[in-house]
file work-v8.json (JSON, C-alpha atoms and all ligand atoms)
[["chain", "number", "residue", "atom", "x", "y", "z"],
["A", 1194, "LEU", "CA", 67.55, 48.53, -18.86],
["A", 1195, "LEU", "CA", 71.26, 48.70, -17.99],
["A", 1196, "VAL", "CA", 72.70, 52.12, -18.80],
["A", 1197, "ASP", "CA", 76.41, 52.82, -18.68],
["A", 1198, "GLY", "CA", 78.31, 55.86, -19.87],
["A", 1199, "SER", "CA", 80.58, 58.78, -19.10],
["A", 1200, "VAL", "CA", 80.95, 62.51, -19.62],
["A", 1201, "ARG", "CA", 83.52, 63.62, -22.22],
["A", 1202, "ARG", "CA", 85.39, 66.91, -21.82],
["A", 1203, "TYR", "CA", 87.66, 69.00, -24.02],
["A", 1204, "SER", "CA", 91.31, 69.39, -22.94],
["A", 1205, "ASP", "CA", 90.42, 72.70, -21.20],
["A", 1206, "GLY", "CA", 87.88, 70.78, -19.07],
["A", 1207, "SER", "CA", 84.75, 72.18, -20.71],
["A", 1208, "PHE", "CA", 81.81, 69.84, -21.35],
["A", 1209, "ALA", "CA", 81.89, 68.13, -24.78],
["A", 1210, "GLY", "CA", 79.08, 65.60, -24.48],
["A", 1211, "HIS", "CA", 77.98, 62.20, -23.15],
["A", 1212, "ILE", "CA", 79.05, 58.84, -24.52],
["A", 1213, "GLY", "CA", 77.29, 55.67, -23.43],
["A", 1214, "ALA", "CA", 75.27, 52.58, -24.17],
["A", 1215, "ALA", "CA", 71.91, 51.20, -23.08],
["A", 1216, "VAL", "CA", 71.33, 47.45, -23.09],
["A", 1217, "ASP", "CA", 68.01, 45.72, -22.49],
["A", 1218, "ILE", "CA", 68.74, 43.02, -19.87],
["A", 1219, "THR", "CA", 65.16, 41.82, -19.31],
["A", 1220, "GLY", "CA", 65.95, 38.52, -21.10],
["A", 1221, "LEU", "CA", 69.11, 38.00, -19.02],
["A", 1222, "LYS", "CA", 67.17, 38.56, -15.80],
["A", 1223, "GLU", "CA", 64.53, 36.04, -16.85],
["A", 1224, "ASP", "CA", 67.29, 33.50, -17.64],
["A", 1225, "GLU", "CA", 68.86, 34.14, -14.25],
["A", 1226, "GLN", "CA", 65.49, 33.69, -12.49],
["A", 1227, "ARG", "CA", 64.83, 30.45, -14.38],
["A", 1228, "LYS", "CA", 68.30, 29.17, -13.41],
["A", 1229, "ASN", "CA", 67.63, 30.04, -9.74],
["A", 1230, "ASP", "CA", 64.23, 28.32, -9.83],
["A", 1231, "PHE", "CA", 65.86, 25.25, -11.39],
["A", 1232, "ILE", "CA", 68.60, 25.07, -8.72],
["A", 1233, "SER", "CA", 65.98, 25.49, -6.04],
["A", 1234, "MET", "CA", 63.76, 22.72, -7.47],
["A", 1235, "VAL", "CA", 66.68, 20.27, -7.90],
["A", 1236, "SER", "CA", 67.90, 20.98, -4.37],
["A", 1237, "HIS", "CA", 64.44, 20.33, -2.88],
["A", 1238, "GLU", "CA", 64.07, 17.10, -4.85],
["A", 1239, "LEU", "CA", 67.48, 15.89, -3.65],
["A", 1240, "LYS", "CA", 66.78, 16.80, -0.05],
["A", 1241, "THR", "CA", 63.60, 14.77, 0.30],
["A", 1242, "PRO", "CA", 65.15, 11.29, -0.14],
["A", 1243, "LEU", "CA", 68.14, 12.33, 2.00],
["A", 1244, "THR", "CA", 65.88, 13.33, 4.86],
["A", 1245, "SER", "CA", 64.12, 9.98, 4.90],
["A", 1246, "THR", "CA", 67.44, 8.10, 4.52],
["A", 1247, "LEU", "CA", 68.73, 9.96, 7.56],
["A", 1248, "ALA", "CA", 65.65, 9.02, 9.55],
["A", 1249, "TYR", "CA", 66.11, 5.32, 8.63],
["A", 1250, "ILE", "CA", 69.79, 5.45, 9.60],
["A", 1251, "GLN", "CA", 68.93, 6.94, 12.99],
["A", 1252, "LEU", "CA", 66.30, 4.27, 13.61],
["A", 1253, "SER", "CA", 68.75, 1.54, 12.59],
["A", 1254, "LYS", "CA", 71.37, 3.00, 14.94],
["A", 1255, "GLU", "CA", 68.93, 2.79, 17.85],
["A", 1256, "ARG", "CA", 68.20, -0.88, 17.10],
["A", 1257, "VAL", "CA", 71.87, -1.68, 16.67],
["A", 1258, "SER", "CA", 72.75, 0.06, 19.96],
["A", 1259, "ALA", "CA", 70.39, -2.28, 21.75],
["A", 1260, "SER", "CA", 72.11, -5.32, 20.21],
["A", 1261, "ASN", "CA", 75.69, -4.18, 21.06],
["A", 1262, "ASP", "CA", 76.84, -4.52, 17.44],
["A", 1263, "ASP", "CA", 79.62, -1.92, 17.60],
["A", 1264, "LEU", "CA", 80.93, -2.40, 14.07],
["A", 1265, "THR", "CA", 77.54, -1.84, 12.44],
["A", 1266, "HIS", "CA", 76.97, 1.14, 14.74],
["A", 1267, "THR", "CA", 80.27, 2.70, 13.57],
["A", 1268, "MET", "CA", 79.39, 2.13, 9.91],
["A", 1269, "LEU", "CA", 75.96, 3.68, 10.38],
["A", 1270, "THR", "CA", 77.50, 6.68, 12.16],
["A", 1271, "ARG", "CA", 79.86, 7.21, 9.22],
["A", 1272, "THR", "CA", 76.98, 6.97, 6.75],
["A", 1273, "GLU", "CA", 75.01, 9.47, 8.82],
["A", 1274, "LYS", "CA", 77.97, 11.88, 8.69],
["A", 1275, "GLN", "CA", 78.19, 11.66, 4.90],
["A", 1276, "ILE", "CA", 74.44, 12.20, 4.51],
["A", 1277, "ARG", "CA", 74.66, 15.28, 6.75],
["A", 1278, "LYS", "CA", 77.56, 16.57, 4.64],
["A", 1279, "MET", "CA", 75.52, 16.11, 1.46],
["A", 1280, "THR", "CA", 72.50, 17.82, 3.03],
["A", 1281, "GLY", "CA", 74.77, 20.73, 4.03],
["A", 1282, "MET", "CA", 75.97, 21.11, 0.43],
["A", 1283, "ILE", "CA", 72.42, 21.05, -0.92],
["A", 1284, "ASN", "CA", 71.36, 23.62, 1.68],
["A", 1285, "SER", "CA", 74.11, 25.96, 0.52],
["A", 1286, "PHE", "CA", 72.77, 25.74, -3.05],
["A", 1287, "LEU", "CA", 69.25, 26.39, -1.80],
["A", 1288, "ASN", "CA", 70.41, 29.39, 0.20],
["A", 1289, "LEU", "CA", 72.33, 30.74, -2.77],
["A", 1290, "SER", "CA", 69.33, 30.54, -5.09],
["A", 1291, "ARG", "CA", 67.11, 32.11, -2.42],
["A", 1292, "LEU", "CA", 69.58, 34.93, -1.95],
["A", 1293, "GLU", "CA", 69.98, 35.60, -5.66],
["A", 1294, "SER", "CA", 66.26, 35.69, -6.28],
["A", 1295, "GLY", "CA", 65.78, 38.12, -3.39],
["A", 1296, "LYS", "CA", 64.03, 35.55, -1.19],
["A", 1297, "ILE", "CA", 66.47, 35.79, 1.72],
["A", 1298, "GLN", "CA", 65.03, 38.29, 4.12],
["A", 1299, "VAL", "CA", 67.00, 39.35, 7.16],
["A", 1300, "GLU", "CA", 64.54, 39.76, 10.03],
["A", 1301, "PRO", "CA", 66.37, 41.55, 12.84],
["A", 1302, "VAL", "CA", 65.12, 41.01, 16.38],
["A", 1303, "GLU", "CA", 66.83, 41.65, 19.71],
["A", 1304, "PHE", "CA", 68.41, 38.51, 21.17],
["A", 1305, "ASP", "CA", 71.10, 37.40, 23.58],
["A", 1306, "LEU", "CA", 74.36, 36.55, 21.80],
["A", 1307, "GLY", "CA", 75.54, 34.46, 24.78],
["A", 1308, "ALA", "CA", 72.56, 32.11, 24.43],
["A", 1309, "LEU", "CA", 73.16, 31.72, 20.70],
["A", 1310, "ILE", "CA", 76.87, 30.96, 21.15],
["A", 1311, "ASN", "CA", 75.94, 28.45, 23.84],
["A", 1312, "GLU", "CA", 73.57, 26.61, 21.47],
["A", 1313, "ILE", "CA", 76.31, 26.46, 18.83],
["A", 1314, "ARG", "CA", 78.88, 25.34, 21.41],
["A", 1315, "GLN", "CA", 76.69, 22.43, 22.48],
["A", 1316, "GLU", "CA", 76.07, 21.40, 18.90],
["A", 1317, "PHE", "CA", 79.78, 21.43, 18.00],
["A", 1318, "MET", "CA", 80.82, 19.70, 21.21],
["A", 1319, "ALA", "CA", 78.50, 16.86, 20.24],
["A", 1320, "THR", "CA", 79.54, 16.63, 16.59],
["A", 1321, "ILE", "CA", 83.24, 17.61, 16.29],
["A", 1322, "SER", "CA", 85.82, 15.35, 17.79],
["A", 1323, "SER", "CA", 88.54, 16.02, 15.22],
["A", 1324, "HIS", "CA", 89.54, 19.44, 16.58],
["A", 1325, "LYS", "CA", 89.89, 21.25, 19.89],
["A", 1326, "VAL", "CA", 87.03, 23.71, 19.57],
["A", 1327, "ILE", "CA", 87.55, 26.36, 22.26],
["A", 1328, "PHE", "CA", 84.87, 28.91, 23.12],
["A", 1329, "HIS", "CA", 86.48, 31.74, 25.09],
["A", 1330, "PRO", "CA", 84.31, 33.22, 27.83],
["A", 1331, "PHE", "CA", 82.92, 36.66, 27.07],
["A", 1332, "GLU", "CA", 80.62, 39.31, 28.38],
["A", 1333, "THR", "CA", 77.30, 38.70, 26.68],
["A", 1334, "ALA", "CA", 75.48, 41.33, 24.65],
["A", 1335, "CYS", "CA", 72.05, 42.01, 23.24],
["A", 1336, "ILE", "CA", 72.28, 41.75, 19.46],
["A", 1337, "LEU", "CA", 70.05, 43.17, 16.80],
["A", 1338, "GLY", "CA", 69.91, 40.56, 14.08],
["A", 1339, "ASP", "CA", 68.43, 37.49, 12.49],
["A", 1340, "HIS", "CA", 69.08, 34.67, 14.99],
["A", 1341, "GLU", "CA", 69.04, 31.82, 12.45],
["A", 1342, "LYS", "CA", 71.22, 33.56, 9.88],
["A", 1343, "ILE", "CA", 73.83, 34.71, 12.40],
["A", 1344, "ALA", "CA", 73.97, 31.11, 13.67],
["A", 1345, "GLN", "CA", 74.50, 29.99, 10.07],
["A", 1346, "VAL", "CA", 77.46, 32.41, 9.67],
["A", 1347, "ILE", "CA", 79.17, 31.23, 12.88],
["A", 1348, "GLN", "CA", 78.58, 27.54, 12.03],
["A", 1349, "ASN", "CA", 79.98, 28.08, 8.56],
["A", 1350, "LEU", "CA", 83.14, 29.78, 9.83],
["A", 1351, "ILE", "CA", 83.74, 27.04, 12.43],
["A", 1352, "SER", "CA", 83.19, 24.29, 9.91],
["A", 1353, "ASN", "CA", 85.60, 25.99, 7.44],
["A", 1354, "ALA", "CA", 88.16, 26.34, 10.23],
["A", 1355, "THR", "CA", 88.04, 22.58, 10.82],
["A", 1356, "LYS", "CA", 88.00, 21.84, 7.09],
["A", 1357, "TYR", "CA", 91.14, 23.88, 6.30],
["A", 1358, "SER", "CA", 93.27, 22.80, 9.27],
["A", 1359, "ALA", "CA", 94.90, 19.60, 10.50],
["A", 1360, "LYS", "CA", 93.24, 17.23, 12.96],
["A", 1361, "ASN", "CA", 93.63, 18.00, 16.67],
["A", 1362, "THR", "CA", 94.64, 21.62, 16.08],
["A", 1363, "PRO", "CA", 92.67, 24.28, 17.99],
["A", 1364, "VAL", "CA", 89.77, 26.33, 16.63],
["A", 1365, "GLU", "CA", 89.05, 29.32, 18.87],
["A", 1366, "ILE", "CA", 85.89, 31.38, 19.04],
["A", 1367, "SER", "CA", 86.03, 34.78, 20.75],
["A", 1368, "VAL", "CA", 83.66, 37.70, 21.21],
["A", 1369, "ILE", "CA", 84.78, 41.27, 21.86],
["A", 1370, "ASN", "CA", 82.12, 43.64, 23.11],
["A", 1371, "ARG", "CA", 82.80, 47.23, 22.04],
["A", 1372, "ASP", "CA", 80.82, 50.41, 22.20],
["A", 1373, "GLY", "CA", 77.94, 49.98, 19.74],
["A", 1374, "GLU", "CA", 79.04, 46.67, 18.23],
["A", 1375, "VAL", "CA", 80.36, 43.20, 18.93],
["A", 1376, "GLU", "CA", 83.15, 41.50, 17.03],
["A", 1377, "ILE", "CA", 83.03, 37.72, 16.72],
["A", 1378, "SER", "CA", 86.14, 35.86, 15.57],
["A", 1379, "VAL", "CA", 86.92, 32.29, 14.55],
["A", 1380, "GLU", "CA", 90.62, 31.46, 14.54],
["A", 1381, "ASP", "CA", 92.36, 28.36, 13.21],
["A", 1382, "LYS", "CA", 95.95, 27.14, 12.87],
["A", 1383, "GLY", "CA", 95.37, 25.80, 9.38],
["A", 1384, "VAL", "CA", 96.65, 26.25, 5.84],
["A", 1385, "GLY", "CA", 96.19, 30.03, 5.80],
["A", 1386, "ILE", "CA", 95.28, 32.28, 2.88],
["A", 1387, "ARG", "CA", 97.60, 34.28, 0.60],
["A", 1388, "GLN", "CA", 97.47, 38.08, 0.83],
["A", 1389, "GLU", "CA", 95.99, 38.43, -2.69],
["A", 1390, "ASP", "CA", 93.12, 36.06, -1.83],
["A", 1391, "LEU", "CA", 92.05, 37.69, 1.45],
["A", 1392, "THR", "CA", 89.14, 39.59, -0.10],
["A", 1393, "ARG", "CA", 88.54, 37.21, -3.02],
["A", 1394, "VAL", "CA", 87.51, 34.29, -0.77],
["A", 1395, "PHE", "CA", 84.23, 36.16, -0.09],
["A", 1396, "GLU", "CA", 83.36, 36.21, -3.81],
["A", 1397, "ARG", "CA", 80.74, 33.85, -5.19],
["A", 1398, "PHE", "CA", 82.23, 30.49, -6.32],
["A", 1399, "TYR", "CA", 85.80, 31.60, -5.51],
["A", 1400, "ARG", "CA", 88.07, 28.81, -4.26],
["A", 1401, "VAL", "CA", 91.82, 28.79, -3.71],
["A", 1402, "HIS", "CA", 93.48, 26.13, -5.85],
["A", 1403, "ASP", "CA", 96.86, 25.26, -4.42],
["A", 1404, "PHE", "CA", 98.69, 22.24, -3.12],
["A", 1405, "GLU", "CA", 97.20, 22.46, 0.38],
["A", 1406, "THR", "CA", 93.56, 22.85, -0.67],
["A", 1407, "ARG", "CA", 93.32, 20.82, -3.89],
["A", 1408, "ASN", "CA", 91.90, 17.72, -2.15],
["A", 1409, "ILE", "CA", 89.38, 19.63, -0.04],
["A", 1410, "SER", "CA", 85.95, 19.68, -1.67],
["A", 1411, "GLY", "CA", 83.56, 22.61, -1.78],
["A", 1412, "PHE", "CA", 81.75, 25.02, -4.09],
["A", 1413, "GLY", "CA", 82.95, 28.44, -2.93],
["A", 1414, "ILE", "CA", 79.48, 29.47, -1.74],
["A", 1415, "GLY", "CA", 79.76, 29.51, 2.08],
["A", 1416, "LEU", "CA", 81.80, 32.66, 2.60],
["A", 1417, "TYR", "CA", 79.85, 34.52, -0.08],
["A", 1418, "LEU", "CA", 76.63, 33.74, 1.84],
["A", 1419, "CYS", "CA", 78.27, 34.78, 5.15],
["A", 1420, "ALA", "CA", 79.37, 38.09, 3.62],
["A", 1421, "GLU", "CA", 75.90, 38.79, 2.17],
["A", 1422, "ILE", "CA", 74.21, 38.02, 5.51],
["A", 1423, "ILE", "CA", 76.59, 40.25, 7.49],
["A", 1424, "LYS", "CA", 76.30, 43.04, 4.91],
["A", 1425, "ARG", "CA", 72.50, 42.93, 5.27],
["A", 1426, "HIS", "CA", 72.94, 43.37, 9.04],
["A", 1427, "GLY", "CA", 75.05, 46.49, 8.49],
["A", 1428, "GLY", "CA", 78.15, 44.67, 9.80],
["A", 1429, "LYS", "CA", 81.60, 43.99, 8.33],
["A", 1430, "ILE", "CA", 83.36, 40.68, 7.67],
["A", 1431, "TRP", "CA", 87.04, 40.12, 6.87],
["A", 1432, "VAL", "CA", 89.90, 37.68, 7.35],
["A", 1433, "GLU", "CA", 93.43, 38.04, 8.64],
["A", 1434, "SER", "CA", 95.79, 35.25, 7.70],
["A", 1435, "GLU", "CA", 99.33, 34.03, 7.29],
["A", 1436, "LEU", "CA", 100.05, 31.27, 4.80],
["A", 1437, "GLY", "CA", 100.92, 28.04, 6.56],
["A", 1438, "LYS", "CA", 100.15, 29.47, 10.01],
["A", 1439, "GLY", "CA", 96.37, 29.95, 10.10],
["A", 1440, "SER", "CA", 93.47, 32.34, 9.59],
["A", 1441, "THR", "CA", 91.18, 34.46, 11.73],
["A", 1442, "PHE", "CA", 87.77, 35.34, 10.30],
["A", 1443, "ARG", "CA", 86.10, 38.29, 12.01],
["A", 1444, "PHE", "CA", 82.73, 39.97, 11.70],
["A", 1445, "THR", "CA", 80.90, 42.75, 13.48],
["A", 1446, "LEU", "CA", 77.23, 43.17, 14.39],
["A", 1447, "PRO", "CA", 75.31, 46.09, 15.85],
["A", 1448, "VAL", "CA", 74.20, 45.77, 19.48],
["A", 1449, "CYS", "CA", 70.65, 46.59, 20.60],
["A", 1450, "GLY", "CA", 69.73, 50.23, 20.54],
["A", 1451, "LYS", "CA", 72.70, 51.20, 18.30],
["A", 1452, "LYS", "CA", 72.60, 51.65, 14.58],
["A", 1453, "SER", "CA", 75.71, 50.49, 12.76],
["A", 1454, "SER", "CA", 77.26, 52.71, 10.08],
["A", 1501, "LIG", "P1", 84.32, 26.16, 0.09],
["A", 1501, "LIG", "O1", 84.97, 25.85, 1.41],
["A", 1501, "LIG", "O2", 83.11, 25.33, -0.17],
["A", 1501, "LIG", "O3", 85.28, 26.18, -1.04],
["A", 1501, "LIG", "P2", 83.87, 28.90, 1.06],
["A", 1501, "LIG", "O4", 83.12, 29.99, 0.39],
["A", 1501, "LIG", "O5", 83.48, 28.54, 2.44],
["A", 1501, "LIG", "O6", 83.74, 27.66, 0.10],
["A", 1501, "LIG", "O7", 85.40, 29.30, 1.05],
["A", 1501, "LIG", "C1", 86.00, 29.85, -0.11],
["A", 1501, "LIG", "C2", 87.49, 29.54, -0.14],
["A", 1501, "LIG", "O8", 88.15, 30.25, 0.93],
["A", 1501, "LIG", "C3", 87.82, 28.08, 0.13],
["A", 1501, "LIG", "O9", 87.79, 27.34, -1.07],
["A", 1501, "LIG", "C4", 89.22, 28.16, 0.72],
["A", 1501, "LIG", "O10", 90.17, 28.25, -0.32],
["A", 1501, "LIG", "C5", 89.20, 29.48, 1.47],
["A", 1501, "LIG", "N1", 88.96, 29.30, 2.92],
["A", 1501, "LIG", "C6", 87.78, 29.40, 3.58],
["A", 1501, "LIG", "N2", 87.94, 29.22, 4.90],
["A", 1501, "LIG", "C7", 89.26, 29.02, 5.10],
["A", 1501, "LIG", "C8", 90.07, 28.78, 6.26],
["A", 1501, "LIG", "N3", 89.55, 28.73, 7.49],
["A", 1501, "LIG", "N4", 91.41, 28.62, 6.07],
["A", 1501, "LIG", "C9", 91.95, 28.68, 4.83],
["A", 1501, "LIG", "N5", 91.24, 28.90, 3.70],
["A", 1501, "LIG", "C10", 89.91, 29.07, 3.83]]

call {"tool": "encode", "arguments": {"input": "work-v8.json", "output": "structure tokens"}}
result
Amino acid sequence: LLVDGSVRRYSDGSFAGHIGAAVDITGLKEDEQRKNDFISMVSHELKTPLTSTLAYIQLSKERVSASNDDLTHTMLTRTEKQIRKMTGMINSFLNLSRLESGKIQVEPVEFDLGALINEIRQEFMATISSHKVIFHPFETACILGDHEKIAQVIQNLISNATKYSAKNTPVEISVINRDGEVEISVEDKGVGIRQEDLTRVFERFYRVHDFETRNISGFGIGLYLCAEIIKRHGGKIWVESELGKGSTFRFTLPVCGKKSS
């Protein structure tokens, strides 16, 4: 039952009564659950053939490498990239439906942030050649959080930074270690975000439609998921940006032994 209402007062401030409405939303919730289950089922069904296609492509690449057929190798590498992109999109739908049906559980454990950043650094060094991804050195910290989900947030911010900026521009990752929390930032020199959109980009399905971004595909799910994950860790996430100059996404996390506010 969704109940909404307010107290009414006479002009002298004395209590006059309550006015309100009660709406039964059980049906709406069932619809929403069915929609989430449907998205989840479709996503799983789509992922299965993609996974086996990817395996076949990798096998073919190995065989082609042995035969020195560079052209076929390049074409297979491009196909592999597109399949990975598609899998990434499907995963974001899966994560969204899991989140909305309450199936995303944040399981905080103590772990070393330096080790996590190092894993991500190695992965990006191997896969991104279009940008100068710079990981600034930092003093490591023990973090209280869900390792996999924090990795997902950082990966998402880096991949957005490369998506919304020109080739060969830098993407910089920094960590500031403060008393009781760490702040992780991902900075790009890309298209930037207008002042009025700075908080809206974290809303579900929100995308900026302007000249610079109209040809860039996406569903407006990634930042919403990042924000939900960070919120569940008791951290904050925000973006600072200047249109045409670039954006810096920042988020905070509690360090071991400290409780964030
Ligand atoms: P998607 O990229 O799939 O649209 P996101 O939720 O990741 O979804 O981002 C929401 C919107 O925020 C994007 O459509 C884009 O307009 C804006 N945005 C995200 N990251 C950046 C960035 N690094 N620079 C400029 N705009 C960005």

call {"tool": "closest_residue", "arguments": {"input": "work-v8.json", "among": "A:Lys1382, A:His1340, A:Arg1227, A:Lys1424", "to": "ligand LIG 1501 (chain A)", "atoms": "only C-alpha atoms and all ligand atoms"}}
result
A:Lys1382

call {"tool": "atom_distance", "arguments": {"input": "work-v8.json", "atom1": "CA of Arg1201 (chain A)", "atom2": "CA of Asp1217 (chain A)"}}
result
23.7 Å

call {"tool": "residues_around", "arguments": {"input": "work-v8.json", "residues": "Lys1254 (chain A)", "least_positions_apart": "3", "cutoff": "12 Å", "atoms": "all atoms listed in the file", "output": "MDAnalysis selection string"}}
result
chainID A and resid 1247:1251 1257:1273

call {"tool": "atom_distance", "arguments": {"input": "work-v8.json", "atom1": "CA of Glu1433 (chain A)", "atom2": "CA of Val1346 (chain A)"}}
result
17.0 Å

call {"tool": "atom_distance", "arguments": {"input": "work-v8.json", "atom1": "CA of Ser1434 (chain A)", "atom2": "CA of Phe1328 (chain A)"}}
result
19.9 Å

call {"tool": "axis_aligned_box", "arguments": {"input": "work-v8.json", "around": "region 1355-1374 of chain A", "padding_each_side": "5 Å", "output": "lines of an AutoDock Vina configuration file"}}
result
center_x = 86.4
center_y = 33.8
center_z = 14.7
size_x = 27.0
size_y = 43.2
size_z = 26.8

call {"tool": "closest_residue", "arguments": {"input": "work-v8.json", "among": "A:Val1200, A:Ile1232, A:Cys1419, A:Ala1354", "to": "ligand LIG 1501 (chain A)", "atoms": "all atoms listed in the file"}}
result
A:Ala1354

call {"tool": "residues_near_ligand", "arguments": {"input": "work-v8.json", "ligand": "ligand LIG 1501 (chain A)", "cutoff": "7 Å", "atoms": "only C-alpha atoms and all ligand atoms", "output": "PyMOL selection string"}}
result
chain A and resi 1350+1353-1354+1357-1358+1381+1383-1386+1394-1395+1398-1402+1406+1410-1417+1439-1440

call {"tool": "closest_residue", "arguments": {"input": "work-v8.json", "among": "A:Ile1423, A:Leu1418, A:Glu1225, A:Ile1283", "to": "Glu1238 (chain A)", "atoms": "only C-alpha atoms"}}
result
A:Ile1283

call {"tool": "closest_residue", "arguments": {"input": "work-v8.json", "among": "A:Gly1210, A:Gly1338, A:Pro1363, A:Gly1428", "to": "Cys1449 (chain A)", "atoms": "all atoms listed in the file"}}
result
A:Gly1338

call {"tool": "closest_residue", "arguments": {"input": "work-v8.json", "among": "A:Gly1307, A:Glu1293, A:Glu1316, A:Phe1404", "to": "Lys1222 (chain A)", "atoms": "all atoms listed in the file"}}
result
A:Glu1293

call {"tool": "residues_around", "arguments": {"input": "work-v8.json", "residues": "Leu1243 (chain A)", "least_positions_apart": "3", "cutoff": "9 Å", "atoms": "all atoms listed in the file", "output": "tab-separated table (two decimals) with C-alpha atoms, keeping the file's coordinate frame"}}
result
chain	number	residue	atom	x	y	z
A	1239	LEU	CA	67.48	15.89	-3.65
A	1240	LYS	CA	66.78	16.80	-0.05
A	1246	THR	CA	67.44	8.10	4.52
A	1247	LEU	CA	68.73	9.96	7.56
A	1248	ALA	CA	65.65	9.02	9.55
A	1276	ILE	CA	74.44	12.20	4.51
A	1277	ARG	CA	74.66	15.28	6.75
A	1279	MET	CA	75.52	16.11	1.46
A	1280	THR	CA	72.50	17.82	3.03

call {"tool": "residues_around", "arguments": {"input": "work-v8.json", "residues": "Ser1233 (chain A)", "least_positions_apart": "5", "cutoff": "8 Å", "atoms": "all atoms listed in the file", "output": "PDB file with C-alpha atoms, in the frame of the given file"}}
result
ATOM      1  CA  PHE A1286      72.770  25.740  -3.050  1.00  0.00           C
ATOM      2  CA  LEU A1287      69.250  26.390  -1.800  1.00  0.00           C
ATOM      3  CA  SER A1290      69.330  30.540  -5.090  1.00  0.00           C
ATOM      4  CA  ARG A1291      67.110  32.110  -2.420  1.00  0.00           C
TER       5      ARG A1291
END

call {"tool": "residues_around", "arguments": {"input": "work-v8.json", "residues": "Phe1331 (chain A)", "least_positions_apart": "6", "cutoff": "8 Å", "atoms": "only C-alpha atoms", "output": "JSON, numbers by chain"}}
result
{"A": [1367, 1368, 1369]}

call {"tool": "closest_residue", "arguments": {"input": "work-v8.json", "among": "A:Lys1356, A:Lys1438, A:Thr1244, A:Leu1309", "to": "Ser1323 (chain A)", "atoms": "only C-alpha atoms"}}
result
A:Lys1356

call {"tool": "residues_around", "arguments": {"input": "work-v8.json", "residues": "His1324 (chain A)", "least_positions_apart": "6", "cutoff": "6 Å", "atoms": "all atoms listed in the file", "output": "list of chain:residue names"}}
result
A:Lys1360, A:Asn1361, A:Thr1362, A:Pro1363

call {"tool": "build_atoms", "arguments": {"input": "work-v8.json", "residues": "region 1286-1296 of chain A", "atoms": "N, CA, C and O atoms", "output": "PDB file, in the coordinates of the input"}}
result
ATOM      1  N   PHE A1286      73.323  25.391  -1.742  1.00  0.00           N
ATOM      2  CA  PHE A1286      72.770  25.740  -3.050  1.00  0.00           C
ATOM      3  C   PHE A1286      71.399  26.401  -2.918  1.00  0.00           C
ATOM      4  O   PHE A1286      71.084  27.371  -3.592  1.00  0.00           O
ATOM      5  N   LEU A1287      70.584  25.824  -2.023  1.00  0.00           N
ATOM      6  CA  LEU A1287      69.250  26.390  -1.800  1.00  0.00           C
ATOM      7  C   LEU A1287      69.345  27.830  -1.304  1.00  0.00           C
ATOM      8  O   LEU A1287      68.654  28.722  -1.802  1.00  0.00           O
ATOM      9  N   ASN A1288      70.246  28.044  -0.333  1.00  0.00           N
ATOM     10  CA  ASN A1288      70.410  29.390   0.200  1.00  0.00           C
ATOM     11  C   ASN A1288      70.911  30.365  -0.853  1.00  0.00           C
ATOM     12  O   ASN A1288      70.486  31.510  -0.893  1.00  0.00           O
ATOM     13  N   LEU A1289      71.811  29.875  -1.714  1.00  0.00           N
ATOM     14  CA  LEU A1289      72.330  30.740  -2.770  1.00  0.00           C
ATOM     15  C   LEU A1289      71.212  31.158  -3.717  1.00  0.00           C
ATOM     16  O   LEU A1289      71.066  32.341  -4.035  1.00  0.00           O
ATOM     17  N   SER A1290      70.387  30.179  -4.139  1.00  0.00           N
ATOM     18  CA  SER A1290      69.330  30.540  -5.090  1.00  0.00           C
ATOM     19  C   SER A1290      68.291  31.444  -4.429  1.00  0.00           C
ATOM     20  O   SER A1290      67.765  32.350  -5.055  1.00  0.00           O
ATOM     21  N   ARG A1291      68.051  31.227  -3.130  1.00  0.00           N
ATOM     22  CA  ARG A1291      67.110  32.110  -2.420  1.00  0.00           C
ATOM     23  C   ARG A1291      67.650  33.529  -2.364  1.00  0.00           C
ATOM     24  O   ARG A1291      66.931  34.495  -2.589  1.00  0.00           O
ATOM     25  N   LEU A1292      68.947  33.614  -2.065  1.00  0.00           N
ATOM     26  CA  LEU A1292      69.580  34.930  -1.950  1.00  0.00           C
ATOM     27  C   LEU A1292      69.525  35.672  -3.278  1.00  0.00           C
ATOM     28  O   LEU A1292      69.151  36.835  -3.351  1.00  0.00           O
ATOM     29  N   GLU A1293      69.893  34.949  -4.358  1.00  0.00           N
ATOM     30  CA  GLU A1293      69.980  35.600  -5.660  1.00  0.00           C
ATOM     31  C   GLU A1293      68.610  35.983  -6.190  1.00  0.00           C
ATOM     32  O   GLU A1293      68.508  36.888  -6.988  1.00  0.00           O
ATOM     33  N   SER A1294      67.570  35.278  -5.769  1.00  0.00           N
ATOM     34  CA  SER A1294      66.260  35.690  -6.280  1.00  0.00           C
ATOM     35  C   SER A1294      65.556  36.591  -5.264  1.00  0.00           C
ATOM     36  O   SER A1294      64.345  36.779  -5.324  1.00  0.00           O
ATOM     37  N   GLY A1295      66.321  37.121  -4.334  1.00  0.00           N
ATOM     38  CA  GLY A1295      65.780  38.120  -3.390  1.00  0.00           C
ATOM     39  C   GLY A1295      64.884  37.516  -2.328  1.00  0.00           C
ATOM     40  O   GLY A1295      64.119  38.217  -1.677  1.00  0.00           O
ATOM     41  N   LYS A1296      64.951  36.168  -2.154  1.00  0.00           N
ATOM     42  CA  LYS A1296      64.030  35.550  -1.190  1.00  0.00           C
ATOM     43  C   LYS A1296      64.615  35.448   0.212  1.00  0.00           C
ATOM     44  O   LYS A1296      63.945  35.006   1.125  1.00  0.00           O
TER      45      LYS A1296
END
